[in-house]
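Structure data follow from work12.cif (mmCIF, C-alpha atoms):
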```cif
data_data
#
loop_
_atom_site.group_PDB
_atom_site.id
_atom_site.type_symbol
_atom_site.label_atom_id
_atom_site.label_comp_id
_atom_site.auth_asym_id
_atom_site.auth_seq_id
_atom_site.Cartn_x
_atom_site.Cartn_y
_atom_site.Cartn_z
ATOM 1 C CA MET A 1132 0.000 0.000 0.000
ATOM 2 C CA LYS A 1133 2.868 2.399 0.801
ATOM 3 C CA CYS A 1134 4.310 1.748 -2.651
ATOM 4 C CA PHE A 1135 0.966 2.593 -4.260
ATOM 5 C CA LEU A 1136 0.660 5.846 -2.297
ATOM 6 C CA SER A 1137 4.243 6.830 -3.200
ATOM 7 C CA LEU A 1138 3.539 6.279 -6.882
ATOM 8 C CA ALA A 1139 0.308 8.271 -6.665
ATOM 9 C CA LEU A 1140 2.218 11.138 -5.033
ATOM 10 C CA VAL A 1141 4.850 11.089 -7.802
ATOM 11 C CA ALA A 1142 2.098 11.113 -10.430
ATOM 12 C CA SER A 1143 0.302 14.062 -8.797
ATOM 13 C CA VAL A 1144 3.523 16.096 -8.616
ATOM 14 C CA GLY A 1145 3.878 15.657 -12.386
ATOM 15 C CA LEU A 1146 0.401 17.097 -12.890
ATOM 16 C CA ALA A 1147 1.186 20.226 -10.870
ATOM 17 C CA SER A 1148 3.371 21.869 -13.524
ATOM 18 C CA ALA A 1149 1.586 23.464 -16.461
ATOM 19 C CA THR A 1150 2.601 22.736 -20.027
ATOM 20 C CA SER A 1151 2.981 25.832 -22.164
ATOM 21 C CA LEU A 1152 2.511 26.203 -25.905
ATOM 22 C CA THR A 1153 4.686 28.597 -27.915
ATOM 23 C CA LEU A 1154 3.585 29.593 -31.415
ATOM 24 C CA LYS A 1155 5.606 31.404 -34.095
ATOM 25 C CA MET A 1156 3.480 32.293 -37.127
ATOM 26 C CA VAL A 1157 2.899 34.641 -40.046
ATOM 27 C CA ALA A 1158 -0.222 35.043 -42.203
ATOM 28 C CA ASP A 1159 -0.974 36.877 -45.390
ATOM 29 C CA ASP A 1160 -2.744 39.073 -44.248
ATOM 30 C CA PHE A 1161 -3.705 38.790 -40.519
ATOM 31 C CA PHE A 1162 -4.292 36.163 -37.796
ATOM 32 C CA GLU A 1163 -5.264 35.626 -34.171
ATOM 33 C CA ALA A 1164 -4.245 32.521 -32.198
ATOM 34 C CA TYR A 1165 -6.500 31.030 -29.520
ATOM 35 C CA ILE A 1166 -6.319 28.088 -27.119
ATOM 36 C CA SER A 1167 -9.509 26.199 -26.251
ATOM 37 C CA THR A 1168 -10.615 22.970 -24.597
ATOM 38 C CA SER A 1169 -13.422 22.588 -27.156
ATOM 39 C CA ASP A 1170 -12.939 22.377 -30.891
ATOM 40 C CA ALA A 1171 -16.235 24.235 -31.359
ATOM 41 C CA VAL A 1172 -15.288 27.196 -29.106
ATOM 42 C CA GLN A 1173 -12.841 29.857 -30.310
ATOM 43 C CA GLY A 1174 -11.089 30.051 -26.922
ATOM 44 C CA THR A 1175 -8.711 32.546 -25.312
ATOM 45 C CA GLN A 1176 -6.576 34.722 -27.567
ATOM 46 C CA PHE A 1177 -2.830 34.635 -26.857
ATOM 47 C CA ALA A 1178 -1.235 36.020 -30.045
ATOM 48 C CA ALA A 1179 -2.222 38.255 -32.952
ATOM 49 C CA GLN A 1180 -0.683 39.556 -36.142
ATOM 50 C CA VAL A 1181 -2.048 43.091 -36.474
ATOM 51 C CA ASN A 1182 0.245 44.160 -39.342
ATOM 52 C CA THR A 1183 0.675 42.447 -42.702
ATOM 53 C CA TRP A 1184 3.199 39.638 -43.198
ATOM 54 C CA GLN A 1185 6.001 42.088 -44.076
ATOM 55 C CA ALA A 1186 6.178 43.097 -40.379
ATOM 56 C CA GLY A 1187 7.631 39.671 -39.516
ATOM 57 C CA THR A 1188 6.967 36.662 -37.334
ATOM 58 C CA VAL A 1189 4.560 36.917 -34.389
ATOM 59 C CA THR A 1190 5.290 34.845 -31.263
ATOM 60 C CA GLY A 1191 2.914 33.989 -28.431
ATOM 61 C CA THR A 1192 2.939 31.647 -25.439
ATOM 62 C CA VAL A 1193 0.040 30.259 -23.405
ATOM 63 C CA ALA A 1194 -0.481 27.652 -20.658
ATOM 64 C CA LEU A 1195 -2.516 24.578 -21.608
ATOM 65 C CA THR A 1196 -5.422 23.360 -19.484
ATOM 66 C CA PRO A 1197 -4.066 20.284 -17.663
ATOM 67 C CA GLY A 1198 -5.604 16.855 -18.057
ATOM 68 C CA MET A 1199 -7.679 17.468 -21.177
ATOM 69 C CA THR A 1200 -7.346 17.904 -24.930
ATOM 70 C CA ASN A 1201 -6.563 21.494 -25.929
ATOM 71 C CA TYR A 1202 -7.110 22.952 -29.396
ATOM 72 C CA LEU A 1203 -4.857 25.477 -31.099
ATOM 73 C CA HIS A 1204 -7.171 27.650 -33.201
ATOM 74 C CA ILE A 1205 -5.971 30.145 -35.792
ATOM 75 C CA ARG A 1206 -8.416 32.648 -37.277
ATOM 76 C CA ALA A 1207 -6.711 33.986 -40.402
ATOM 77 C CA ARG A 1208 -7.962 36.629 -42.831
ATOM 78 C CA ASP A 1209 -7.014 37.475 -46.385
ATOM 79 C CA VAL A 1210 -8.014 41.103 -46.792
ATOM 80 C CA PHE A 1211 -6.029 42.241 -49.838
ATOM 81 C CA GLY A 1212 -6.531 39.232 -52.143
ATOM 82 C CA ALA A 1213 -4.350 36.426 -53.421
ATOM 83 C CA PRO A 1214 -1.884 35.030 -52.692
ATOM 84 C CA SER A 1215 -2.815 33.911 -49.176
ATOM 85 C CA MET A 1216 -1.210 31.672 -46.538
ATOM 86 C CA ILE A 1217 -0.277 30.913 -42.963
ATOM 87 C CA VAL A 1218 3.087 29.434 -42.025
ATOM 88 C CA GLY A 1219 4.386 28.628 -38.576
ATOM 89 C CA GLU A 1220 5.600 26.268 -35.931
ATOM 90 C CA ALA A 1221 4.420 25.385 -32.456
ATOM 91 C CA SER A 1222 6.234 23.770 -29.546
ATOM 92 C CA LEU A 1223 5.291 22.390 -26.143
ATOM 93 C CA SER A 1224 7.366 22.959 -23.008
ATOM 94 C CA ASP A 1225 7.287 19.334 -21.841
ATOM 95 C CA ALA A 1226 6.111 15.822 -22.712
ATOM 96 C CA GLY A 1227 2.796 16.115 -20.819
ATOM 97 C CA PHE A 1228 1.013 16.814 -24.120
ATOM 98 C CA ALA A 1229 1.630 15.952 -27.766
ATOM 99 C CA PHE A 1230 0.449 17.166 -31.156
ATOM 100 C CA GLY A 1231 -1.130 14.804 -33.689
ATOM 101 C CA ASN A 1232 2.335 13.862 -34.948
ATOM 102 C CA LEU A 1233 3.015 12.438 -31.420
ATOM 103 C CA THR A 1234 5.793 14.968 -30.709
ATOM 104 C CA GLN A 1235 6.109 18.272 -28.851
ATOM 105 C CA ASN A 1236 6.887 20.206 -32.074
ATOM 106 C CA LEU A 1237 4.545 20.875 -34.966
ATOM 107 C CA LEU A 1238 5.022 22.734 -38.244
ATOM 108 C CA THR A 1239 2.146 23.920 -40.392
ATOM 109 C CA ASN A 1240 1.360 21.078 -42.799
ATOM 110 C CA THR A 1241 -1.537 19.392 -44.587
ATOM 111 C CA THR A 1242 -1.600 16.329 -42.302
ATOM 112 C CA ASP A 1243 -1.969 17.652 -38.737
ATOM 113 C CA TRP A 1244 -3.978 20.809 -39.483
ATOM 114 C CA GLN A 1245 -7.561 21.275 -40.680
ATOM 115 C CA VAL A 1246 -9.221 24.354 -42.147
ATOM 116 C CA SER A 1247 -12.837 25.509 -42.231
ATOM 117 C CA LEU A 1248 -14.439 28.463 -43.985
ATOM 118 C CA SER A 1249 -17.446 28.492 -41.632
ATOM 119 C CA GLY A 1250 -15.889 28.539 -38.148
ATOM 120 C CA PHE A 1251 -14.290 26.336 -35.530
ATOM 121 C CA GLY A 1252 -15.744 22.878 -34.961
ATOM 122 C CA SER A 1253 -17.415 22.299 -38.343
ATOM 123 C CA GLY A 1254 -16.814 22.029 -42.055
ATOM 124 C CA TYR A 1255 -13.157 21.028 -41.789
ATOM 125 C CA VAL A 1256 -11.203 20.058 -44.879
ATOM 126 C CA THR A 1257 -7.550 19.384 -45.559
ATOM 127 C CA PRO A 1258 -5.640 22.631 -46.177
ATOM 128 C CA THR A 1259 -4.048 23.297 -49.551
ATOM 129 C CA LEU A 1260 -0.258 23.267 -49.752
ATOM 130 C CA ILE A 1261 0.913 26.613 -51.152
ATOM 131 C CA GLY A 1262 4.660 25.959 -50.758
ATOM 132 C CA PHE A 1263 7.228 26.065 -47.962
ATOM 133 C CA ASN A 1264 8.827 28.793 -45.862
ATOM 134 C CA GLY A 1265 11.484 30.428 -48.017
ATOM 135 C CA GLY A 1266 9.514 30.119 -51.248
ATOM 136 C CA GLY A 1267 6.893 32.096 -53.097
ATOM 137 C CA PRO A 1268 6.428 35.845 -52.932
ATOM 138 C CA TRP A 1269 6.912 35.914 -49.138
ATOM 139 C CA GLY A 1270 10.554 34.857 -48.944
ATOM 140 C CA THR A 1271 11.764 33.415 -45.640
ATOM 141 C CA GLN A 1272 9.883 34.116 -42.400
ATOM 142 C CA SER A 1273 12.486 34.435 -39.643
ATOM 143 C CA GLY A 1274 12.312 32.069 -36.680
ATOM 144 C CA ILE A 1275 10.195 29.517 -38.572
ATOM 145 C CA SER A 1276 11.590 26.263 -39.960
ATOM 146 C CA LEU A 1277 12.141 26.089 -43.722
ATOM 147 C CA ASN A 1278 10.187 22.788 -43.568
ATOM 148 C CA ALA A 1279 7.020 24.583 -42.411
ATOM 149 C CA ALA A 1280 4.351 24.443 -45.123
ATOM 150 C CA ARG A 1281 2.490 27.512 -46.279
ATOM 151 C CA ILE A 1282 -1.141 26.409 -46.105
ATOM 152 C CA TRP A 1283 -4.518 27.915 -46.983
ATOM 153 C CA SER A 1284 -7.629 26.685 -48.803
ATOM 154 C CA ASN A 1285 -8.747 26.740 -52.419
ATOM 155 C CA GLN A 1286 -10.729 29.893 -51.609
ATOM 156 C CA THR A 1287 -8.384 32.855 -51.218
ATOM 157 C CA ALA A 1288 -10.318 35.783 -49.784
ATOM 158 C CA GLY A 1289 -12.097 35.934 -46.446
ATOM 159 C CA GLU A 1290 -11.751 34.300 -43.052
ATOM 160 C CA HIS A 1291 -10.219 30.868 -42.565
ATOM 161 C CA TYR A 1292 -10.332 28.808 -39.363
ATOM 162 C CA PHE A 1293 -7.372 26.468 -38.801
ATOM 163 C CA THR A 1294 -7.180 23.953 -35.962
ATOM 164 C CA THR A 1295 -4.976 21.239 -34.525
ATOM 165 C CA ALA A 1296 -5.469 19.145 -31.392
ATOM 166 C CA ILE A 1297 -3.009 18.906 -28.497
ATOM 167 C CA ARG A 1298 -3.653 15.733 -26.504
ATOM 168 C CA VAL A 1299 -2.633 14.661 -22.994
ATOM 169 C CA VAL A 1300 0.167 12.110 -22.803
ATOM 170 C CA PRO A 1301 -0.280 9.798 -19.803
ATOM 171 C CA GLU A 1302 2.750 9.919 -17.530
ATOM 172 C CA PRO A 1303 4.539 6.600 -16.967
ATOM 173 C CA ALA A 1304 4.144 7.050 -13.195
ATOM 174 C CA SER A 1305 0.387 7.542 -13.611
ATOM 175 C CA LEU A 1306 0.104 4.445 -15.773
ATOM 176 C CA LEU A 1307 2.149 2.443 -13.270
ATOM 177 C CA ALA A 1308 0.017 3.662 -10.353
ATOM 178 C CA PHE A 1309 -3.141 2.738 -12.253
ATOM 179 C CA ALA A 1310 -1.749 -0.735 -13.037
ATOM 180 C CA LEU A 1311 -0.675 -1.301 -9.416
ATOM 181 C CA GLY A 1312 -4.080 -0.191 -8.204
ATOM 182 C CA GLY A 1313 -5.685 -2.753 -10.515
ATOM 183 C CA LEU A 1314 -3.360 -5.447 -9.194
ATOM 184 C CA LEU A 1315 -4.306 -4.571 -5.593
ATOM 185 C CA VAL A 1316 -8.004 -4.884 -6.453
ATOM 186 C CA LEU A 1317 -7.410 -8.267 -8.108
ATOM 187 C CA ARG A 1318 -5.336 -9.438 -5.150
ATOM 188 C CA ARG A 1319 -8.087 -8.504 -2.683
ATOM 189 C CA LYS A 1320 -10.733 -10.260 -4.794
ATOM 190 C CA SER A 1321 -8.667 -13.458 -4.942
ATOM 191 C CA LYS A 1322 -8.420 -13.705 -1.097
#
```
Would you mind writing the structure in this file as structure tokens?
Amino acid sequence: MKCFLSLALVASVGLASATSLTLKMVADDFFEAYISTSDAVQGTQFAAQVNTWQAGTVTGTVALTPGMTNYLHIRARDVFGAPSMIVGEASLSDAGFAFGNLTQNLLTNTTDWQVSLSGFGSGYVTPTLIGFNGGGPWGTQSGISLNAARIWSNQTAGEHYFTTAIRVVPEPASLLAFALGGLLVLRRKSK
């Protein structure tokens, strides 16, 4: 029993520290970044590009809500017409969460991101690949990997809603405590 309580204490200490998300992004023309615990809810804004892409990369950091899936939402707007894009990278401060690619680092791409023209939580489609950072009329966006894809949709003008999920990664200590708890229950039942 003491072993089980020690493992539970170790697991709860791991939950006490908050994971933070850092985003570096540029859009043609503007964007706001939000974090939410619901894919259908815009969430809390933590970064915004208020000048056009020529002003450079925008960086923002936010704490994730512990113990549940978080959603990184990007509301991007093309105001001045084609061409249009977002390009960026996101990173997590620890291994308590992971992106869809099962790592703590995510570049804009057409696999792990979805885009909607109607809002968050509905009408998602796969984004269109426009090119990569360093190419096209935008040149290289500083602080963003050259492997980051410039993505958008087939429709150029208007608002676009991009999303990607950030899921909880169970801690090994938590899994071990859960397994030991199950073994204790089985042991008591067998007596």
Name the residues in contact with region 1279-1293 of chain A at a cut-off of 6 Å, using all atoms listed in the file, excluding same-chain residues fewer than 2 positions from it; report them as a tab-separated table (two decimals) with C-alpha atoms, in the frame of the given file.
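New file selection_11.tsv:
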```
chain	number	residue	atom	x	y	z
A	1204	HIS	CA	-7.17	27.65	-33.20
A	1205	ILE	CA	-5.97	30.14	-35.79
A	1206	ARG	CA	-8.42	32.65	-37.28
A	1207	ALA	CA	-6.71	33.99	-40.40
A	1208	ARG	CA	-7.96	36.63	-42.83
A	1209	ASP	CA	-7.01	37.48	-46.38
A	1212	GLY	CA	-6.53	39.23	-52.14
A	1213	ALA	CA	-4.35	36.43	-53.42
A	1216	MET	CA	-1.21	31.67	-46.54
A	1217	ILE	CA	-0.28	30.91	-42.96
A	1218	VAL	CA	3.09	29.43	-42.02
A	1238	LEU	CA	5.02	22.73	-38.24
A	1239	THR	CA	2.15	23.92	-40.39
A	1240	ASN	CA	1.36	21.08	-42.80
A	1245	GLN	CA	-7.56	21.28	-40.68
A	1246	VAL	CA	-9.22	24.35	-42.15
A	1247	SER	CA	-12.84	25.51	-42.23
A	1248	LEU	CA	-14.44	28.46	-43.98
A	1250	GLY	CA	-15.89	28.54	-38.15
A	1258	PRO	CA	-5.64	22.63	-46.18
A	1259	THR	CA	-4.05	23.30	-49.55
A	1260	LEU	CA	-0.26	23.27	-49.75
A	1261	ILE	CA	0.91	26.61	-51.15
A	1262	GLY	CA	4.66	25.96	-50.76
A	1263	PHE	CA	7.23	26.06	-47.96
A	1264	ASN	CA	8.83	28.79	-45.86
A	1276	SER	CA	11.59	26.26	-39.96
A	1277	LEU	CA	12.14	26.09	-43.72
```
Query raised in the report: Counting only C-alpha atoms, which of A:Thr1200, A:Gln1272, A:Gln1176, A:Ser1167 gets nearest to Pro1301 (chain A)?
Result: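 Looking at the shortest contact to Pro1301 (chain A), the residue is A:Thr1200.
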Query raised in the report: How many Å separate CA of Ala1194 (chain A) from CA of Gly1254 (chain A)?
Result: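 Those two atoms sit 27.5 Å apart.
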Query - Answer key for the PyMOL selection byres ((chain A and resi 1166) around 6), residues as a list in words - result: Tyr1165, Ser1167, Gly1174, Thr1175, Tyr1202 and Leu1203 of chain A
Given the selection you just returned, output its residues as a file containing C-alpha atoms, formatted as a PDB file, keeping the file's coordinate frame.
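Generated output (selection.pdb):
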```pdb
ATOM      1  CA  TYR A1165      -6.500  31.030 -29.520  1.00  0.00           C
ATOM      2  CA  SER A1167      -9.509  26.199 -26.251  1.00  0.00           C
ATOM      3  CA  GLY A1174     -11.089  30.051 -26.922  1.00  0.00           C
ATOM      4  CA  THR A1175      -8.711  32.546 -25.312  1.00  0.00           C
ATOM      5  CA  TYR A1202      -7.110  22.952 -29.396  1.00  0.00           C
ATOM      6  CA  LEU A1203      -4.857  25.477 -31.099  1.00  0.00           C
TER       7      LEU A1203
END
```
Query - Distance in Å - CA of Ile1275 (chain A) versus CA of Gly1198 (chain A) - result: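 One can read the CA of Ile1275 (chain A) to CA of Gly1198 (chain A) distance as 28.8 Å.
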**Report entry** For Leu1223 (chain A), the nearest of the candidates A:Thr1150, A:Thr1271, A:Thr1168, A:Thr1295, counting only C-alpha atoms
**Finding:**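 Looking at the shortest contact to Leu1223 (chain A), the residue is A:Thr1150.
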Report task. Could you jot down the CA of Trp1244 (chain A) to CA of Gly1231 (chain A) separation for me, Å, one decimal place? Result ->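 Straight-line distance from CA of Trp1244 (chain A) to CA of Gly1231 (chain A) works out to 8.8 Å.
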Query raised in the report: For Ala1158 (chain A), which of A:Val1172, A:Met1199, A:Val1210, A:Val1193 is the closest residue, counting all atoms listed in the file?
Result: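 So, comparing all the options, the nearest one is A:Val1210.
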Report summary line: Residue with the minimum atom-to-atom distance to Val1157 (chain A), picked from A:Ser1169, A:Gly1274, A:Ser1224, A:Leu1195 with all atoms listed in the file counted, is A:Gly1274
Complete region 1181-1194 of chain A at the level of N, CA, C and O atoms, written as a PDB file, in the frame of the given file.
```
ATOM      1  N   VAL A1181      -1.222  41.926 -36.177  1.00  0.00           N
ATOM      2  CA  VAL A1181      -2.048  43.091 -36.474  1.00  0.00           C
ATOM      3  C   VAL A1181      -1.523  43.884 -37.666  1.00  0.00           C
ATOM      4  O   VAL A1181      -2.190  44.792 -38.141  1.00  0.00           O
ATOM      5  N   ASN A1182      -0.313  43.556 -38.132  1.00  0.00           N
ATOM      6  CA  ASN A1182       0.245  44.160 -39.342  1.00  0.00           C
ATOM      7  C   ASN A1182       0.399  43.069 -40.387  1.00  0.00           C
ATOM      8  O   ASN A1182       0.423  41.889 -40.067  1.00  0.00           O
ATOM      9  N   THR A1183       0.544  43.451 -41.650  1.00  0.00           N
ATOM     10  CA  THR A1183       0.675  42.447 -42.702  1.00  0.00           C
ATOM     11  C   THR A1183       1.965  41.646 -42.554  1.00  0.00           C
ATOM     12  O   THR A1183       2.833  41.979 -41.738  1.00  0.00           O
ATOM     13  N   TRP A1184       2.103  40.595 -43.331  1.00  0.00           N
ATOM     14  CA  TRP A1184       3.199  39.638 -43.198  1.00  0.00           C
ATOM     15  C   TRP A1184       4.577  40.290 -43.289  1.00  0.00           C
ATOM     16  O   TRP A1184       5.543  39.778 -42.739  1.00  0.00           O
ATOM     17  N   GLN A1185       4.701  41.425 -43.950  1.00  0.00           N
ATOM     18  CA  GLN A1185       6.001  42.088 -44.076  1.00  0.00           C
ATOM     19  C   GLN A1185       6.568  42.527 -42.728  1.00  0.00           C
ATOM     20  O   GLN A1185       7.772  42.720 -42.606  1.00  0.00           O
ATOM     21  N   ALA A1186       5.718  42.661 -41.700  1.00  0.00           N
ATOM     22  CA  ALA A1186       6.178  43.097 -40.379  1.00  0.00           C
ATOM     23  C   ALA A1186       6.939  42.003 -39.641  1.00  0.00           C
ATOM     24  O   ALA A1186       7.607  42.278 -38.659  1.00  0.00           O
ATOM     25  N   GLY A1187       6.847  40.750 -40.110  1.00  0.00           N
ATOM     26  CA  GLY A1187       7.631  39.671 -39.516  1.00  0.00           C
ATOM     27  C   GLY A1187       6.827  38.707 -38.676  1.00  0.00           C
ATOM     28  O   GLY A1187       5.609  38.807 -38.537  1.00  0.00           O
ATOM     29  N   THR A1188       7.543  37.758 -38.098  1.00  0.00           N
ATOM     30  CA  THR A1188       6.967  36.662 -37.334  1.00  0.00           C
ATOM     31  C   THR A1188       6.398  37.144 -36.005  1.00  0.00           C
ATOM     32  O   THR A1188       7.014  37.941 -35.312  1.00  0.00           O
ATOM     33  N   VAL A1189       5.211  36.628 -35.662  1.00  0.00           N
ATOM     34  CA  VAL A1189       4.560  36.917 -34.389  1.00  0.00           C
ATOM     35  C   VAL A1189       4.741  35.693 -33.484  1.00  0.00           C
ATOM     36  O   VAL A1189       4.564  34.559 -33.927  1.00  0.00           O
ATOM     37  N   THR A1190       5.108  35.929 -32.223  1.00  0.00           N
ATOM     38  CA  THR A1190       5.290  34.845 -31.263  1.00  0.00           C
ATOM     39  C   THR A1190       4.354  35.051 -30.086  1.00  0.00           C
ATOM     40  O   THR A1190       4.168  36.175 -29.623  1.00  0.00           O
ATOM     41  N   GLY A1191       3.775  33.952 -29.610  1.00  0.00           N
ATOM     42  CA  GLY A1191       2.914  33.989 -28.431  1.00  0.00           C
ATOM     43  C   GLY A1191       3.058  32.711 -27.633  1.00  0.00           C
ATOM     44  O   GLY A1191       3.354  31.656 -28.194  1.00  0.00           O
ATOM     45  N   THR A1192       2.846  32.807 -26.324  1.00  0.00           N
ATOM     46  CA  THR A1192       2.939  31.647 -25.439  1.00  0.00           C
ATOM     47  C   THR A1192       1.721  31.629 -24.527  1.00  0.00           C
ATOM     48  O   THR A1192       1.254  32.677 -24.075  1.00  0.00           O
ATOM     49  N   VAL A1193       1.223  30.412 -24.248  1.00  0.00           N
ATOM     50  CA  VAL A1193       0.040  30.259 -23.405  1.00  0.00           C
ATOM     51  C   VAL A1193       0.146  28.934 -22.649  1.00  0.00           C
ATOM     52  O   VAL A1193       0.729  27.972 -23.149  1.00  0.00           O
ATOM     53  N   ALA A1194      -0.427  28.892 -21.445  1.00  0.00           N
ATOM     54  CA  ALA A1194      -0.481  27.652 -20.658  1.00  0.00           C
ATOM     55  C   ALA A1194      -1.661  26.808 -21.128  1.00  0.00           C
ATOM     56  O   ALA A1194      -2.754  27.335 -21.378  1.00  0.00           O
TER      57      ALA A1194
END
```
